[in-house]
Amino acid sequence: MKKTIKLAVVAALALGATSAFATNGSNMIATGAKATGMGGVGIGMSHGAESALVNPALITSVEGTEISFGGTLFMPKVENINDLTGIGSTNTSSVSEAKINVIPEVSLASKINENFYMGVGMWGTAGMGVDYRDAVATSQMNMVTNLQLMQFGVPLAYKMNNFSAAITPILQYGSLDINYDATAMGMGKIGSGVAQSLKFGYNLGIAYEIASVTLGATYKSQIDMEYNGVLANAMNPMVSGLSGGANSYTNDSLSTPAEMGVGISYKFNANTIAFDFKQIKWSAAKGYQDFEWEDQNVFAVGYQYSAKTWAARLGYNYSKSPISEQTYTGFNSAGLGSGLANTFNLLGFPGVVQSHMTVGGSYNLSDKASVDLAYVYTPEVSNTYTNFLGADITTKHSQTALSAQLNYKF
């Protein structure tokens, strides 16, 4: 257990130095290389200790004690064109310099007795970020955003016959930074530095096995994160400038949304096919509500072939972007105009990608040790909306990611 805590601390330090652009909105499609290689499926299919965060009821497949330690090298490409020629800025394309991010993951699960299982883990679960600080074009306003989320959890699972149920108390750490240069609009440089938040939540999971079929269901609570001064300080200069000071933006919450999902897997001979469906409740999450993010329905399908010493995986994950163009012509109750929200969504928080193709595999180094690899390709999506000047803002976004993980059973 002491070794596990040390590994978790290393993971925490690694996350503290990075940010990520995740894939279902600002959430990763999966935590762990096995699930990632299968398109993110894991609600109705056990991946050993790796299941601790996806569906904690499925850690009941562990026969003794298992630890998984790894991470993801995440490589987004984000390009933006924002037409601010109406206030004297240039209108050229810039590519975000936030191109490489490292996302850690540590999971441990142990069988205590025939009915009770428990674990511990620390996971980088979500994030977003762009970096236009060195952009030649002023149309990107030298925008820099950086959201990092990490969860620490202790899954507790109970199994009776073919039925399992579990709860994972979650402690979530988050940091958020937003800054940009609004000199061209007579506002100067905007930003209040990094703010941090620490809040509690929980995950629930159930699973039922019958013959070669496994069924699962999960619920993850909303976690209300509060980043003192960051969102209000970033939004108010533009809100007051556009509305003559009549409105103000006071919300500094940026909640992690609730999720609910179901999954099924079917194993025949050396083959396993699995399907997950989940809904991410962006529309009810504080902060995302004001920017009019919509709920996401996420569909994931995966295939695995298992040989004696190796396994191969394929997967596909799809979710419609939670961001759509806002057409409201006035200001809503938060003082947020549609063009202003469009600008911040596409320039600072462009979580617009939709399809993800994945491939992965495992190799047994010994009876106790194995290594997993996964690769994700996310094709480019391009969106053009109306910015706060009534002109066009366009963002192009694609991603690749490489995950590696070492597992040890004892």
# chains A, B, ... in the order shown; residues from 1 in each chain; ligands from 1

call {"tool": "residues_around", "arguments": {"residues": "Gly153 (chain A)", "least_positions_apart": "5", "cutoff": "6 Å", "atoms": "only C-alpha atoms", "output": "PyMOL selection string"}}
result
chain A and resi 120-121+168-170

call {"tool": "write_last_selection", "arguments": {"atoms": "C-alpha atoms", "output": "mmCIF file, in the first residue's frame"}}
result
data_model
loop_
_atom_site.group_PDB
_atom_site.id
_atom_site.type_symbol
_atom_site.label_atom_id
_atom_site.label_comp_id
_atom_site.auth_asym_id
_atom_site.auth_seq_id
_atom_site.Cartn_x
_atom_site.Cartn_y
_atom_site.Cartn_z
ATOM 1 C CA VAL A 120 -7.500 2.991 -4.399
ATOM 2 C CA GLY A 121 -6.613 5.139 -7.360
ATOM 3 C CA THR A 168 -16.386 5.065 -4.969
ATOM 4 C CA PRO A 169 -16.069 8.190 -2.805
ATOM 5 C CA ILE A 170 -14.239 10.769 -4.936
#

call {"tool": "residues_around", "arguments": {"residues": "Thr343 (chain A)", "least_positions_apart": "4", "cutoff": "9 Å", "atoms": "only C-alpha atoms", "output": "ChimeraX atom specification"}}
result
/A:82,338-339,347-348,385-388,393

call {"tool": "select_by_dssp", "arguments": {"residues": "region 76-182 of chain A", "states": "helix (DSSP H, G or I)", "output": "PyMOL selection string"}}
result
chain A and resi 85-87+138-140

call {"tool": "residues_around", "arguments": {"residues": "region 363-368 of chain A", "least_positions_apart": "4", "cutoff": "12 Å", "atoms": "only C-alpha atoms", "output": "number ranges by chain"}}
result
A: 34, 63-68, 306-313, 372-373, 404-410

call {"tool": "select_by_dssp", "arguments": {"residues": "region 13-133 of chain A", "states": "strand (DSSP E or B)", "output": "ChimeraX atom specification"}}
result
/A:24,27,65-82,94-95,101-111,116-131

call {"tool": "residues_around", "arguments": {"residues": "Ile210 (chain A)", "least_positions_apart": "5", "cutoff": "10 Å", "atoms": "only C-alpha atoms", "output": "ChimeraX atom specification"}}
result
/A:162-163,215,266

call {"tool": "atom_distance", "arguments": {"atom1": "CA of Tyr375 (chain A)", "atom2": "CA of His47 (chain A)"}}
result
17.0 Å

call {"tool": "residues_around", "arguments": {"residues": "Pro155 (chain A)", "least_positions_apart": "2", "cutoff": "6 Å", "atoms": "only C-alpha atoms", "output": "list in words"}}
result
Pro56, Met118, Gly119, Ile167 and Thr168 of chain A

call {"tool": "write_last_selection", "arguments": {"atoms": "N, CA and C atoms", "output": "PDB file, in the first residue's frame"}}
result
ATOM      1  N   PRO A  56     -16.863   0.700 -10.744  1.00  0.00           N
ATOM      2  CA  PRO A  56     -16.169   0.059  -9.626  1.00  0.00           C
ATOM      3  C   PRO A  56     -16.709  -1.323  -9.278  1.00  0.00           C
ATOM      4  N   MET A 118     -11.881  -4.008  -2.511  1.00  0.00           N
ATOM      5  CA  MET A 118     -11.648  -2.582  -2.369  1.00  0.00           C
ATOM      6  C   MET A 118     -10.409  -2.183  -3.175  1.00  0.00           C
ATOM      7  N   GLY A 119     -10.244  -0.886  -3.363  1.00  0.00           N
ATOM      8  CA  GLY A 119      -9.106  -0.406  -4.121  1.00  0.00           C
ATOM      9  C   GLY A 119      -8.778   1.024  -3.766  1.00  0.00           C
ATOM     10  N   ILE A 167     -19.481   1.462  -4.622  1.00  0.00           N
ATOM     11  CA  ILE A 167     -19.457   2.914  -4.499  1.00  0.00           C
ATOM     12  C   ILE A 167     -18.008   3.363  -4.422  1.00  0.00           C
ATOM     13  N   THR A 168     -17.720   4.480  -5.047  1.00  0.00           N
ATOM     14  CA  THR A 168     -16.386   5.065  -4.969  1.00  0.00           C
ATOM     15  C   THR A 168     -16.507   6.504  -4.491  1.00  0.00           C
TER      16      THR A 168
END

call {"tool": "closest_residue", "arguments": {"among": "A:Met160, A:Ala284, A:Ala98, A:Met225", "to": "Lys199 (chain A)", "atoms": "only C-alpha atoms"}}
result
A:Met225

call {"tool": "closest_residue", "arguments": {"among": "A:Met28, A:Val95, A:Ala274, A:Met187", "to": "Gln140 (chain A)", "atoms": "only C-alpha atoms"}}
result
A:Val95

call {"tool": "closest_residue", "arguments": {"among": "A:Leu156, A:Met260, A:Leu198, A:Met45", "to": "Asp224 (chain A)", "atoms": "only C-alpha atoms"}}
result
A:Leu198

call {"tool": "closest_residue", "arguments": {"among": "A:Tyr158, A:Tyr208, A:Phe74, A:Tyr180", "to": "Ala374 (chain A)", "atoms": "only C-alpha atoms"}}
result
A:Phe74

call {"tool": "atom_distance", "arguments": {"atom1": "CA of Thr358 (chain A)", "atom2": "CA of Asn317 (chain A)"}}
result
8.1 Å

call {"tool": "residues_around", "arguments": {"residues": "region 395-402 of chain A", "least_positions_apart": "3", "cutoff": "6 Å", "atoms": "only C-alpha atoms", "output": "JSON, numbers by chain"}}
result
{"A": [72, 73, 74, 75, 76, 77, 78, 79, 80, 346, 374, 375, 376, 377, 378, 379, 380, 381, 382, 383]}

call {"tool": "residues_around", "arguments": {"residues": "region 289-301 of chain A", "least_positions_apart": "2", "cutoff": "7 Å", "atoms": "only C-alpha atoms", "output": "number ranges by chain"}}
result
A: 38-41, 274-287, 315-320, 322-323, 334, 341

call {"tool": "closest_residue", "arguments": {"among": "A:Ala207, A:Ala126, A:Leu171, A:Val359", "to": "Gln304 (chain A)", "atoms": "only C-alpha atoms"}}
result
A:Val359

call {"tool": "closest_residue", "arguments": {"among": "A:Ser321, A:Thr327, A:Ser370, A:Ser107", "to": "Val353 (chain A)", "atoms": "only C-alpha atoms"}}
result
A:Ser321

call {"tool": "atom_distance", "arguments": {"atom1": "CA of Ala166 (chain A)", "atom2": "CA of Tyr305 (chain A)"}}
result
27.8 Å
